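One structure is given here, and the rest of the page talks about it.
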Amino acid sequence: QPLTVINGPNLNLLGTREPEIYGHETLADIEAQCAETAREFGLTVDCFQSNSEGAIVDKLHSVRGSTAGIVLNAGAYTHTSVAIRDALANVPAPFIEVHISNVHAREAFRHHSYLSDVAAAVIVGCGSQGYEFAIRRLATLVGASRG
Ligand code: DQA
């Protein structure tokens with residue numbers, strides 16, 4: 001089963017969006033890096049991005065039972081969405097919450113996540129490398145070995 005990489009609102013603008021906070025890599029660069037890292041473990045990735053909360057909920061429903069694990073950067077919905085949290089609770093596979101920036105060093109409203117306590121792990125402040133770390137950790141959790 002593939003891993004699923006889900007990015008939420010505004011992350012389609014990576015590369016041009018506040019590069020001093022989010023870096024210069026584009027979402028396409030990040031998704032390619034995820035695929036490359038997964039390949040080391042004989043895994044594939046299914047990448048998805050949406051600016052809409054409902055579309056992310058629908059995507060989570062669609063991968064129930066058909067993904068080995070999820071990397072999720074829910075963007076600002078991290079701090080607001082009970083709906084995404086509830087959708088995750090219905091996916092048996094582990095998920096890893098990723099934030100490119102160190103949300104704890106930013107505004108107070110970014111310090112709380114509705115997702116962290118149900119995540120297998122949380123990676124913040126590692127830049128786009130956080131996605132790669134998340135893929136490596138999921139490979140460990142699903143028992144995939146280097147090919
Ligand atoms: C983010 C942090 C969120 O607070 C913000 O709303 C984002 C990006 C990050 O990757 O650092 O959209 O999830």
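In the structure tokens, chains take letters A, B, ... by order of appearance, with residues numbered from 1 within each chain and ligands from 1 in the order shown.
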
Spatial neighbours of A:Ser81, 12 Å, only C-alpha atoms, chain gap at least 5 places, as number ranges by chain: A: 8, 52-54, 56-57, 74-76, 86-88, 112-116

Store the residues picked out above in a file with C-alpha atoms, as a compact mmCIF listing (two decimals), in the first residue's frame.
# COMPACT_ATOMS: atom_id res chain seq x y z
CA GLY A 8 -3.45 21.72 3.23
CA SER A 52 -10.43 23.16 1.21
CA GLU A 53 -11.11 21.48 4.53
CA GLY A 54 -13.87 19.27 3.14
CA ILE A 56 -9.03 16.97 2.88
CA VAL A 57 -11.71 15.15 4.90
CA ALA A 74 -2.79 20.57 7.42
CA GLY A 75 -1.53 24.16 7.34
CA ALA A 76 -3.79 26.56 9.20
CA ASP A 86 -12.24 13.21 13.43
CA ALA A 87 -11.51 12.00 9.89
CA LEU A 88 -8.02 10.90 10.98
CA HIS A 112 -2.17 24.45 19.59
CA SER A 113 -2.83 21.59 17.19
CA TYR A 114 -6.04 19.57 17.06
CA LEU A 115 -4.01 16.75 15.52
CA SER A 116 -0.86 16.28 17.60

Residue contacts of stretch 31-43 of chain A (8 Å, only C-alpha atoms) excluding same-chain residues fewer than 2 positions away, as a VMD selection string: chain A and resid 1 to 3 5 27 to 29 45 47 131 to 132 135 to 136 139 144 to 147

Among listed residues A:Pro94, A:Gly127, A:Gly65, A:Gly15, nearest ligand 1 (using only C-alpha atoms and all ligand atoms): A:Gly127

Test item: residues lying within 6 Å of ligand 1 with only C-alpha atoms and all ligand atoms, as number ranges by chain: A: 10, 73-76, 99-101, 103, 110

Stretch 73-138 of chain A: residues DSSP assigns to helix (DSSP H, G or I), reported as an MDAnalysis selection string: chainID A and resid 75:79 82:89 103:105 108:110 116:118 129:138

Pairwise distance for atom CA of A:Leu13 and atom CA of A:Thr26, rounded to one decimal in Å: 7.3 Å

Members of stretch 39-142 of chain A assigned strand (DSSP E) by DSSP, as a list in words: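 Restricting stretch 39-142 of chain A to strand (DSSP E) produces Val45, Asp46, Cys47, Phe48, Gln49, Gly69, Ile70, Val71, Leu72, Asn73, Phe95, Ile96, Glu97, Val98, His99, Ala121, Val122, Ile123 and Val124 of chain A.
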
Two-atom distance - atom CA of A:Gly69, atom CA of A:Val142 (Å):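 One can read the atom CA of A:Gly69 to atom CA of A:Val142 distance as 7.7 Å.
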
Shortest interatomic distance to A:Val91 - which of A:Leu60, A:Ala134, A:Leu141, A:Val124, counting only C-alpha atoms: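 Answer, going by the shortest atom-to-atom distance: A:Leu60.
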
Atom CA of A:Asn90 to atom CA of A:Phe109, distance in Å rounded to a single decimal: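 These atoms are spaced 26.3 Å apart.
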